[in-house]
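Enquirer: The structure that follows is given in the form of structure tokens.
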Amino acid sequence: MDEYEFAKEKYEKVFELLEEHHRWFSEALTLIASENVPSEAVKEAIITDFMSRYAEGWPGDRVYAGCKYIDQVELTAIELGKKLFEAEHVDVRPIAGVTANLSVYTAFTEPGDTIVSLAIPNGGHITYGKKELGGTAGAVRGLNVENFPFDPEEMNIDVDKTKTMIEKLKSAGKKPKMVVFGGSLFLFPHPIKDLAPYLKSEGIFIMYDGAHVLGLIAGGEFQQPLKEGADVMTGSTHKTLPGPQGGVIASFEIYAEKLKNAVFPSNVSNHHLHHVAGKAIAFAEMLAFGKQYAKDVIRNAQKLAEALAEKGFKVLGEKHGYTKSHQVVIDVWDFGGGGVVEKELEEANIIVNRNLIPGDIKSGRHFKNPGGIRMGVQEITRLGMGPSEMEEIAELLYRVIVKKEDKAEIKKRIKELKTQFPKVKYAFESKRDAYEYIKIRLK
Ligand SMILES: *Cc1c(COP(=O)(O)O)cnc(C)c1O
């Protein structure tokens, strides 16, 4: 085979795989808590010429020419973001949630400083992980990471024990420079309000990582970190906030210059301009439809959690009604563990992810097969699914995990269910199917 033929074959193969993926996801129950399905408007914005342009710097103060329209789009994204997050300063340039977090570390910490954040089995994200774990805070910024005391019954940070721990760190000469609220396993609002007066009196900077819950915050249905005492909020723009992949920072004017410089030139050179356009569109959709969307997401999560509990599943967060976010977390250790169950569900076209849960590390469990399964209902809510579908989904999970029923039957039922909810809701326009494969090449 000559090189041309080899290349052409691979070229065709990639398109085939992409189409297959679209078909699969149109027939699958997509329950990954960190994902979403963007509107057709967001998709249109991100396939524009912006995808291949350069615009380093801030609108009006670029390193490149040709930014006349790029600047206006970015300023519009910032304007919408400020309204949506009720923030004085918004930066849409971070190309990922990781980049947003690293930019905040760059602005407000020095290598060797101590920060306090959640441990990973308690919901922490690898961006605030220790050096030994390859965490961004430890391995990239050189921070010393201490973990919040966590109460598994409450599924939340223990306020009193946190104060005691910080006092101890002070005595040991390791007073934290920053605390990081937020996480990836995130059922209930974190106690910023309870800790902010103490942290502020100690001069400790308060960061809130809203990657997962950003769409719920934007909809006004989760805690409002910047009003509760956080100095800065970071987030991903593609989890509960249904935009393109990317990050965002929201904060106060007093921190704006430091934050801007930490993003560019420290952590991005050129940001992804097509995704800035996509963020602007997603922010506009969230301003118009976000309140109802966030309400529906949380209602659905609570309904799914209750239905799973009724089927006998160990649903985390029972003490407080299982969840106040988009997430539902179940302990599946009795069924072989999260790794085993994740695979079984995937074979039935139910896409979830395994997750470490509190107590896993102490019990010697590993990320490959942890105790938990984490689910999010944001994507299926956007398709218009409601409480009765949540009940059926609980039943389907039960049939796969507990009853070990024939997976072909389950797949068939899911395909039927998905056919009833083909389009994205909570958007200005929705003519195309949510998982439609959009072909640009003309035949
Ligand atoms: C997903 C996530 C991030 C990282 O976001 P990316 O956009 O994937 O880089 C940061 N923090 C938390 C808590 C997350 O869940």
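Here's how to read the names in the structure tokens: chain A, B, ... by the order shown, residue numbers from 1 in each chain, ligand numbers from 1 in the order shown.
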For chain A versus ligand 1, which residues have an atom no more than 6 Å away, and what is each residue's nearest atom pair and distance in Å rounded to one decimal, using only C-alpha atoms and all ligand atoms, chain-then-number order, as CSV?

Expert:
residue,atom,partner,partner_atom_place_in_ligand_line,distance
A:Ala96,CA,ligand 1,7 (O),4.0
A:Gly97,CA,ligand 1,5 (O),3.4
A:Val98,CA,ligand 1,9 (O),3.9
A:His125,CA,ligand 1,13 (C),4.8
A:Gly182,CA,ligand 1,13 (C),5.9
A:Gly183,CA,ligand 1,13 (C),3.8
A:Ser184,CA,ligand 1,15 (O),3.8
A:Asp209,CA,ligand 1,13 (C),5.7
A:Ala211,CA,ligand 1,12 (C),4.7
A:His212,CA,ligand 1,15 (O),5.2
A:Ser236,CA,ligand 1,7 (O),4.5
A:Gly246,CA,ligand 1,7 (O),5.4
A:Gly247,CA,ligand 1,7 (O),5.7

Enquirer: Running DSSP on the backbone, which parts of segment 184-322 of chain A land in strand (DSSP E), as JSON, numbers by chain?

Expert: {"A": [205, 206, 207, 208, 209, 232, 233, 234, 235, 236, 247, 248, 249, 250, 251, 314, 315]}

Enquirer: Filtering to N, CA, C and O atoms, could you give me those residues as a PDB file, in the first residue's frame?

Expert:
ATOM      1  N   PHE A 205      -6.797  33.070  51.404  1.00  0.00           N
ATOM      2  CA  PHE A 205      -7.510  33.292  50.146  1.00  0.00           C
ATOM      3  C   PHE A 205      -8.509  32.160  49.909  1.00  0.00           C
ATOM      4  O   PHE A 205      -8.196  30.986  50.136  1.00  0.00           O
ATOM      5  N   ILE A 206      -9.702  32.502  49.433  1.00  0.00           N
ATOM      6  CA  ILE A 206     -10.744  31.480  49.234  1.00  0.00           C
ATOM      7  C   ILE A 206     -11.036  31.285  47.750  1.00  0.00           C
ATOM      8  O   ILE A 206     -11.555  32.174  47.075  1.00  0.00           O
ATOM      9  N   MET A 207     -10.698  30.100  47.288  1.00  0.00           N
ATOM     10  CA  MET A 207     -10.997  29.731  45.901  1.00  0.00           C
ATOM     11  C   MET A 207     -12.135  28.720  45.902  1.00  0.00           C
ATOM     12  O   MET A 207     -12.250  27.901  46.802  1.00  0.00           O
ATOM     13  N   TYR A 208     -12.980  28.804  44.886  1.00  0.00           N
ATOM     14  CA  TYR A 208     -14.080  27.847  44.736  1.00  0.00           C
ATOM     15  C   TYR A 208     -14.001  27.266  43.339  1.00  0.00           C
ATOM     16  O   TYR A 208     -14.033  28.000  42.356  1.00  0.00           O
ATOM     17  N   ASP A 209     -13.878  25.960  43.262  1.00  0.00           N
ATOM     18  CA  ASP A 209     -13.819  25.286  41.972  1.00  0.00           C
ATOM     19  C   ASP A 209     -15.218  24.779  41.625  1.00  0.00           C
ATOM     20  O   ASP A 209     -15.661  23.747  42.125  1.00  0.00           O
ATOM     21  N   VAL A 232     -12.543  33.966  44.466  1.00  0.00           N
ATOM     22  CA  VAL A 232     -12.522  33.645  43.034  1.00  0.00           C
ATOM     23  C   VAL A 232     -13.249  32.325  42.813  1.00  0.00           C
ATOM     24  O   VAL A 232     -13.220  31.438  43.671  1.00  0.00           O
ATOM     25  N   MET A 233     -13.910  32.238  41.660  1.00  0.00           N
ATOM     26  CA  MET A 233     -14.561  30.983  41.282  1.00  0.00           C
ATOM     27  C   MET A 233     -14.010  30.567  39.914  1.00  0.00           C
ATOM     28  O   MET A 233     -13.905  31.385  39.007  1.00  0.00           O
ATOM     29  N   THR A 234     -13.656  29.292  39.806  1.00  0.00           N
ATOM     30  CA  THR A 234     -13.247  28.755  38.504  1.00  0.00           C
ATOM     31  C   THR A 234     -14.295  27.745  38.069  1.00  0.00           C
ATOM     32  O   THR A 234     -15.133  27.313  38.868  1.00  0.00           O
ATOM     33  N   GLY A 235     -14.236  27.365  36.817  1.00  0.00           N
ATOM     34  CA  GLY A 235     -15.169  26.343  36.359  1.00  0.00           C
ATOM     35  C   GLY A 235     -14.829  25.825  34.991  1.00  0.00           C
ATOM     36  O   GLY A 235     -13.991  26.389  34.281  1.00  0.00           O
ATOM     37  N   SER A 236     -15.490  24.722  34.644  1.00  0.00           N
ATOM     38  CA  SER A 236     -15.424  24.176  33.290  1.00  0.00           C
ATOM     39  C   SER A 236     -16.711  24.608  32.591  1.00  0.00           C
ATOM     40  O   SER A 236     -17.756  24.719  33.219  1.00  0.00           O
ATOM     41  N   GLY A 247     -12.572  26.492  30.098  1.00  0.00           N
ATOM     42  CA  GLY A 247     -12.608  26.949  31.477  1.00  0.00           C
ATOM     43  C   GLY A 247     -13.020  28.399  31.555  1.00  0.00           C
ATOM     44  O   GLY A 247     -13.075  29.101  30.537  1.00  0.00           O
ATOM     45  N   VAL A 248     -13.298  28.851  32.767  1.00  0.00           N
ATOM     46  CA  VAL A 248     -13.668  30.245  32.992  1.00  0.00           C
ATOM     47  C   VAL A 248     -13.257  30.626  34.415  1.00  0.00           C
ATOM     48  O   VAL A 248     -13.175  29.759  35.294  1.00  0.00           O
ATOM     49  N   ILE A 249     -12.965  31.900  34.600  1.00  0.00           N
ATOM     50  CA  ILE A 249     -12.666  32.425  35.936  1.00  0.00           C
ATOM     51  C   ILE A 249     -13.601  33.594  36.189  1.00  0.00           C
ATOM     52  O   ILE A 249     -13.779  34.446  35.312  1.00  0.00           O
ATOM     53  N   ALA A 250     -14.212  33.632  37.383  1.00  0.00           N
ATOM     54  CA  ALA A 250     -15.063  34.763  37.764  1.00  0.00           C
ATOM     55  C   ALA A 250     -14.583  35.276  39.120  1.00  0.00           C
ATOM     56  O   ALA A 250     -14.297  34.482  40.017  1.00  0.00           O
ATOM     57  N   SER A 251     -14.474  36.605  39.245  1.00  0.00           N
ATOM     58  CA  SER A 251     -13.937  37.138  40.496  1.00  0.00           C
ATOM     59  C   SER A 251     -14.304  38.620  40.651  1.00  0.00           C
ATOM     60  O   SER A 251     -15.258  39.096  40.022  1.00  0.00           O
ATOM     61  N   LYS A 314     -27.425   1.381  47.782  1.00  0.00           N
ATOM     62  CA  LYS A 314     -26.839   2.266  48.794  1.00  0.00           C
ATOM     63  C   LYS A 314     -26.511   3.587  48.114  1.00  0.00           C
ATOM     64  O   LYS A 314     -25.490   3.722  47.434  1.00  0.00           O
ATOM     65  N   VAL A 315     -27.391   4.557  48.293  1.00  0.00           N
ATOM     66  CA  VAL A 315     -27.187   5.873  47.672  1.00  0.00           C
ATOM     67  C   VAL A 315     -26.521   6.782  48.701  1.00  0.00           C
ATOM     68  O   VAL A 315     -27.000   6.896  49.836  1.00  0.00           O
TER      69      VAL A 315
END

Enquirer: Using only C-alpha atoms, which residues sit within 10 Å of Val159 of chain A once same-chain residues fewer than 6 positions away are excluded, as a list in words?

Expert: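 Contacts, with the query itself left out: Phe148, Pro149, Phe150, Asp151, Met165, His190, Pro191, Ile192, Asp194 and Leu195 of chain A.
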
Enquirer: Can you list, as number ranges by chain, every protein, DNA or RNA residue that comes within 10 Å of Lys131 of chain A when you count only C-alpha atoms, leaving out same-chain residues fewer than 4 positions away?

Expert: A: 126, 135-145

Enquirer: Looking at A:Pro370, A:Ser388, A:Asn353, A:Glu429, which one is nearest to Glu35 of chain A, with distances taken over only C-alpha atoms?

Expert: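 Selected residue with least distance to Glu35 of chain A: A:Asn353.
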
Enquirer: What lies within 7 Å of Met390 of chain A using only C-alpha atoms, ignoring chain neighbours under 4 positions off, as a count of residues only?

Expert: 5

Enquirer: Quick one: everything within 9 Å of segment 330-333 of chain A, counting only C-alpha atoms, minus sequence neighbours fewer than 5 positions away in the same chain. Send it as a list in words.

Expert: Ala305, Leu308, Phe313, Lys314, Val315, Leu316, Gly338, Val341, Ile357, Asn369, Pro370, Gly371, Gly372, Ile373, Arg374, Met375 and Ile401 of chain A

Enquirer: Which one of A:Leu442, A:Val297, A:Leu169, A:Ile47 sits closest to Met385 of chain A if you count only C-alpha atoms?

Expert: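 The shortest atom-to-atom distance to Met385 of chain A comes from A:Val297.
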
Enquirer: List as a short mmCIF file (atom, residue, chain, number, x, y, z; two decimals) with N, CA and C atoms, in the first residue's frame the protein and nucleic acid residues near Ser117 of chain A, meaning an atom at most 8 Å away when only C-alpha atoms are counted, but skip any in the same chain fewer than 5 places from it.

Expert:
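Produced file selection-v1.cif, reproduced below:
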data_model
loop_
_atom_site.label_atom_id
_atom_site.label_comp_id
_atom_site.auth_asym_id
_atom_site.auth_seq_id
_atom_site.Cartn_x
_atom_site.Cartn_y
_atom_site.Cartn_z
N GLY A 124 -12.33 15.43 45.92
CA GLY A 124 -11.35 16.36 45.37
C GLY A 124 -10.97 16.04 43.94
N TYR A 128 -6.16 19.79 42.51
CA TYR A 128 -5.68 20.21 43.83
C TYR A 128 -5.10 19.03 44.58
N VAL A 145 0.00 20.29 49.81
CA VAL A 145 -1.45 20.13 49.87
C VAL A 145 -1.88 19.41 51.14
N GLU A 146 -2.75 20.06 51.90
CA GLU A 146 -3.37 19.43 53.08
C GLU A 146 -4.83 19.21 52.75
N ASN A 147 -5.44 18.18 53.35
CA ASN A 147 -6.83 17.87 53.01
C ASN A 147 -7.83 18.29 54.07
N PHE A 148 -8.96 18.79 53.62
CA PHE A 148 -10.06 19.11 54.53
C PHE A 148 -10.50 17.87 55.29
N VAL A 179 -7.54 28.20 50.60
CA VAL A 179 -8.34 26.97 50.64
C VAL A 179 -9.10 26.87 49.32
N VAL A 180 -9.32 25.61 48.92
CA VAL A 180 -10.04 25.38 47.67
C VAL A 180 -11.31 24.58 47.98
N PHE A 181 -12.44 25.25 47.85
CA PHE A 181 -13.73 24.54 47.95
C PHE A 181 -14.07 23.97 46.58
#

Enquirer: Measuring atom to atom with only C-alpha atoms, identify which of A:Asp49, A:Glu409, A:Glu110, A:Glu221 is nearest to Tyr69 of chain A.

Expert: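 Counting only C-alpha atoms, the residue closest to Tyr69 of chain A is A:Asp49.
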
Enquirer: Rank nothing, just name the residue among A:Lys443, A:Lys260, A:Arg432, A:Lys343 nearest to Ala41 of chain A, using only C-alpha atoms.

Expert: A:Arg432
